[in-house]
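Engineer: This is the structure, below, for whatever I ask next.
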Amino acid sequence: MKSCRNLYVHFPFCRSKCSYCALFSRAGTTESERKKYADILRREIDALDGGFATVYFGGGSPALCELKGILKILSPKLGGDCEFTVELHPKDVAAELLKELKDWGVNRISMGLQSLSDATLEDMDRGYTFAEAEAAFAAVKSAFDNAGVDLIVGYPGDDWPEDRFERLLGWGLRHVSVYTLQLEKNSRLCARKTLAVEDDDSTMDKLLKISSRLGQAGFRRYEISNYAEEGFECRHNLAVWRGEDYIGLGAGAYGREGLVRTQNRGLPPEGFMGKKPEKETVTRQFDLKERGLFRLRTAEGVAHGQFPEWEETLKRFVELGCAKSDHKGYRLTERGWEICDSILASLI
């Protein structure tokens, strides 16, 4: 496999399936199954050239796999200033694991918090309380300065207790991801006979309030769903949104190298073992547009003249207050980020 500066590795194992989740993951696997999967990843990583600028272990819960063997193979392939992120579930957090991750080059942790409400966390089947997550993050911060959390807005019946939001802002966060609930048709949440889904206006109002409060606390919104203190933006995700190539390893992972798109199919481990990723070669025009659309998700936007066929449409969104134009190019406004999917669809 040719050299690439960014690597994503997917670990599709969970203790249990969250109520809202229909993503590529499995619950109830055995230690033996997870070991087989880790062995596959170790061999695939061993075949890579290395020199990575960013590495991201996502899931699922990566820590449900034995990571030491993978980290040992990967560590010599990290570039000198590599950002190495590992996602952790609060119940994964333990001093021994944190030390192991740090010893092998991990320098950034993203912890899935999802809600500030104990009732919502229970309904989501997350398996912990807000106080337990708070203690877990304190342990993370004792080992990793560069750490943040993921949150979901719009879950039925969820609220954001002001006192807990203030406590959250005192955790020493460097990064916060705030995602709107996607009601997946194959999730347990969607299967409920009575489901009071929050309307879009209420969700948008909450997002605006949260965005404003995070801004006051020193977090810059650098992408639709992501906020960071200056200098702590997720470099891996920025690389993807800026249109850089990346290798995707593991079941369900996607990759992009030049005009080639890859996708790994098959449930792990048996349905995944020995399978080559599916490949699709796109046209150069499609490739340029896809990378441009990703850039519009960020605060950086796209340069003037980069996509002449978009100029008329983008100017119309400037008039509507959904985009702005300056010497740097076109960028979406807060209002534009609210309807980003519609804007990108109109450009396609």
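The way I read the labels, and the way they are meant: chains A, B, ... in the order of the structure tokens, residue 1 as the first residue of every chain, and ligand 1 as the first ligand shown, with later ones counted on from there.
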Skipping near chain neighbours, those fewer than 3 positions away, what residues fall within 10 Å of Cys18 of chain A using only C-alpha atoms, listed as a short mmCIF file (atom, residue, chain, number, x, y, z; two decimals) with N, CA and C atoms, in the first residue's frame?
Structural biologist:
data_model
loop_
_atom_site.label_atom_id
_atom_site.label_comp_id
_atom_site.auth_asym_id
_atom_site.auth_seq_id
_atom_site.Cartn_x
_atom_site.Cartn_y
_atom_site.Cartn_z
N CYS A 14 -18.73 -3.09 20.83
CA CYS A 14 -19.34 -2.33 21.92
C CYS A 14 -19.78 -3.29 23.03
N ARG A 15 -19.87 -2.76 24.25
CA ARG A 15 -20.43 -3.56 25.34
C ARG A 15 -21.90 -3.85 25.07
N CYS A 21 -28.23 4.01 18.09
CA CYS A 21 -27.15 3.66 17.16
C CYS A 21 -27.57 2.61 16.13
N ALA A 22 -27.24 2.91 14.86
CA ALA A 22 -27.38 1.92 13.79
C ALA A 22 -26.08 1.86 13.00
N LEU A 23 -25.00 2.27 13.65
CA LEU A 23 -23.69 2.30 12.99
C LEU A 23 -23.11 0.90 12.89
N ALA A 27 -22.16 -5.88 19.39
CA ALA A 27 -22.12 -6.09 20.83
C ALA A 27 -22.13 -7.58 21.11
N LEU A 121 -28.92 9.26 29.79
CA LEU A 121 -27.83 8.28 29.67
C LEU A 121 -28.34 6.86 29.90
N GLU A 122 -29.26 6.71 30.86
CA GLU A 122 -29.85 5.40 31.11
C GLU A 122 -30.70 4.96 29.93
N ASP A 123 -31.49 5.88 29.38
CA ASP A 123 -32.34 5.55 28.25
C ASP A 123 -31.51 5.20 27.01
N MET A 124 -30.38 5.86 26.87
CA MET A 124 -29.48 5.57 25.76
C MET A 124 -28.77 4.22 25.93
N ASP A 125 -28.81 3.68 27.15
CA ASP A 125 -28.08 2.44 27.49
C ASP A 125 -26.57 2.66 27.44
N ARG A 126 -26.13 3.82 27.97
CA ARG A 126 -24.70 4.13 27.99
C ARG A 126 -23.96 3.43 29.13
N GLY A 127 -24.65 3.13 30.23
CA GLY A 127 -24.02 2.34 31.28
C GLY A 127 -23.25 3.12 32.33
N SER A 187 -32.31 1.48 14.39
CA SER A 187 -31.96 1.60 15.81
C SER A 187 -33.14 1.21 16.69
N ARG A 188 -32.85 0.85 17.95
CA ARG A 188 -33.91 0.52 18.90
C ARG A 188 -34.78 1.74 19.19
N LEU A 189 -34.18 2.91 19.18
CA LEU A 189 -34.93 4.13 19.44
C LEU A 189 -36.02 4.33 18.39
#
Engineer: Need the shell around Arg220 of chain A: protein/DNA/RNA residues with any atom at most 10 Å away, counting only C-alpha atoms. Skip same-chain ones fewer than 3 positions apart. Format as a PyMOL selection string?
Structural biologist: chain A and resi 175-176+211-212+214-217+223+226-233+299
Engineer: Identify all residues of segment 100-154 of chain A in helix (DSSP H, G or I) (DSSP on the backbone) and supply them as an MDAnalysis selection string.
Structural biologist: chainID A and resid 100:103 118:124 130:143
Engineer: Would you mind listing what lies within 12 Å of segment 306-312 of chain A as a PyMOL selection string, with only C-alpha atoms counted and same-chain residues fewer than 3 positions away left out?
Structural biologist: chain A and resi 285-286+288-293+295-296+301-303+315-319+323+325+328-330+343-348
Engineer: I'd like to know which of A:Ser16, A:Ser61, A:Thr129, A:Thr180 is closest to Ser202 of chain A, using only C-alpha atoms.
Structural biologist: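 The shortest atom-to-atom distance to Ser202 of chain A comes from A:Thr180.
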Engineer: For Lys35 of chain A, which residue among A:Lys209, A:Arg265, A:Lys68, A:Arg164 is the nearest when counting only C-alpha atoms?
Structural biologist: A:Lys68
Engineer: Which residue is closest to Lys141 of chain A? Choose from A:Val9, A:Leu98, A:Ile339, A:Leu208 and count only C-alpha atoms.
Structural biologist: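 Nearest candidate to Lys141 of chain A out of A:Val9, A:Leu98, A:Ile339, A:Leu208: A:Leu98.
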Engineer: Would you list the contacts of Arg34 of chain A as a PyMOL selection string, taking every protein, DNA or RNA residue within 8 Å and counting only C-alpha atoms, but skipping same-chain residues closer than 6 positions in sequence?
Structural biologist: chain A and resi 13+64-66+269
Engineer: Deliver the residues from the most recent selection as a file, using N, CA and C atoms, as a PDB file, in the first residue's frame.
Structural biologist:
ATOM      1  N   PHE A  13     -16.586  -2.812  18.002  1.00  0.00           N
ATOM      2  CA  PHE A  13     -17.072  -3.614  19.127  1.00  0.00           C
ATOM      3  C   PHE A  13     -17.594  -2.704  20.236  1.00  0.00           C
ATOM      4  N   LEU A  64     -11.938  -2.265  23.831  1.00  0.00           N
ATOM      5  CA  LEU A  64     -12.417  -3.629  24.017  1.00  0.00           C
ATOM      6  C   LEU A  64     -11.506  -4.635  23.324  1.00  0.00           C
ATOM      7  N   CYS A  65     -10.655  -4.148  22.426  1.00  0.00           N
ATOM      8  CA  CYS A  65      -9.650  -5.000  21.792  1.00  0.00           C
ATOM      9  C   CYS A  65      -8.333  -4.894  22.564  1.00  0.00           C
ATOM     10  N   GLU A  66      -7.517  -5.917  22.448  1.00  0.00           N
ATOM     11  CA  GLU A  66      -6.166  -5.851  22.991  1.00  0.00           C
ATOM     12  C   GLU A  66      -5.342  -4.962  22.065  1.00  0.00           C
ATOM     13  N   PRO A 269     -15.274 -11.093  13.294  1.00  0.00           N
ATOM     14  CA  PRO A 269     -14.035 -11.227  12.528  1.00  0.00           C
ATOM     15  C   PRO A 269     -14.184 -12.116  11.290  1.00  0.00           C
TER      16      PRO A 269
END
Engineer: Go ahead and compute the interatomic distance for atom CA of Phe57 of chain A and atom CA of Lys17 of chain A, in Å to one decimal.
Structural biologist: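 Result for atom CA of Phe57 of chain A versus atom CA of Lys17 of chain A: 18.8 Å, one decimal.
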Engineer: List the spatial neighbours of segment 242-255 of chain A as a PyMOL selection string - criterion: any atom at most 7 Å away, only C-alpha atoms, same-chain residues fewer than 4 positions off excluded.
Structural biologist: chain A and resi 4-12+24+41+238+261-268+272+291+294-295
Engineer: Going by DSSP on the backbone, which bits of segment 24-159 of chain A are strand (DSSP E)? Write them as a ChimeraX atom specification, please.
Structural biologist: /A:26-27,52-59,78-88,108-114,147-153
Engineer: Write out as a list in words each polymer residue whose atoms come within 10 Å of Leu207 of chain A, counting only C-alpha atoms; drop sequence neighbours fewer than 3 positions from it.
Structural biologist: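 Contacts, in chain order: Ile152, Val153, Gly154, Val178, Tyr179, Thr180, Asp201, Ser202, Thr203, Met204, Ile210, Ser211, Ser212, Arg213, Ser225 and Glu338 of chain A.
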Engineer: Rank A:Leu67, A:Gly59, A:Gly336, A:Arg167 by their smallest atom-to-atom distance to Asp39 of chain A, using only C-alpha atoms, and report the top residue only.
Structural biologist: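 Of all the options, A:Leu67 lies closest to Asp39 of chain A.
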Engineer: Could you check the closest approach to Gly218 of chain A for each of A:Ile73, A:Leu169, A:Leu320, A:Val140 and tell me which residue wins, using only C-alpha atoms?
Structural biologist: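 Distance minimum relative to Gly218 of chain A lands on A:Leu169.
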Engineer: Which residues are near Glu96 of chain A? Cut-off 12 Å, only C-alpha atoms, ignore same chain within fewer than 6 positions. Put them as a list in words.
Structural biologist: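 Residues near the query, excluding close chain neighbours: Ala63, Lys68, Lys102, Asp103, Ala139, Val140 and Ala143 of chain A.
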Engineer: For the residues in that selection, give me N, CA and C atoms as a tab-separated table (two decimals), in the first residue's frame.
Structural biologist:
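File written: part_19.tsv
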chain	number	residue	atom	x	y	z
A	63	ALA	N	-10.93	0.17	23.02
A	63	ALA	CA	-10.30	-0.46	24.18
A	63	ALA	C	-10.85	-1.84	24.49
A	68	LYS	N	-2.24	-3.47	22.66
A	68	LYS	CA	-0.77	-3.38	22.81
A	68	LYS	C	-0.04	-3.85	21.56
A	102	LYS	N	-0.38	6.15	26.30
A	102	LYS	CA	0.60	7.23	26.28
A	102	LYS	C	1.99	6.72	25.95
A	103	ASP	N	2.36	5.57	26.53
A	103	ASP	CA	3.69	5.00	26.29
A	103	ASP	C	3.93	4.67	24.83
A	139	ALA	N	-9.65	11.39	35.21
A	139	ALA	CA	-8.54	10.44	35.07
A	139	ALA	C	-7.84	10.61	33.73
A	140	VAL	N	-8.64	10.81	32.66
A	140	VAL	CA	-8.06	11.05	31.34
A	140	VAL	C	-7.17	12.29	31.37
A	143	ALA	N	-3.61	12.21	32.57
A	143	ALA	CA	-2.61	11.61	31.68
A	143	ALA	C	-2.48	12.35	30.35
Engineer: From the set A:Pro161, A:Ser177, A:Asp205, A:Gly60, which residue has the shortest atom-to-atom contact distance to Arg26 of chain A, counting only C-alpha atoms?
Structural biologist: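 Closest residue, counting only C-alpha atoms: A:Gly60.
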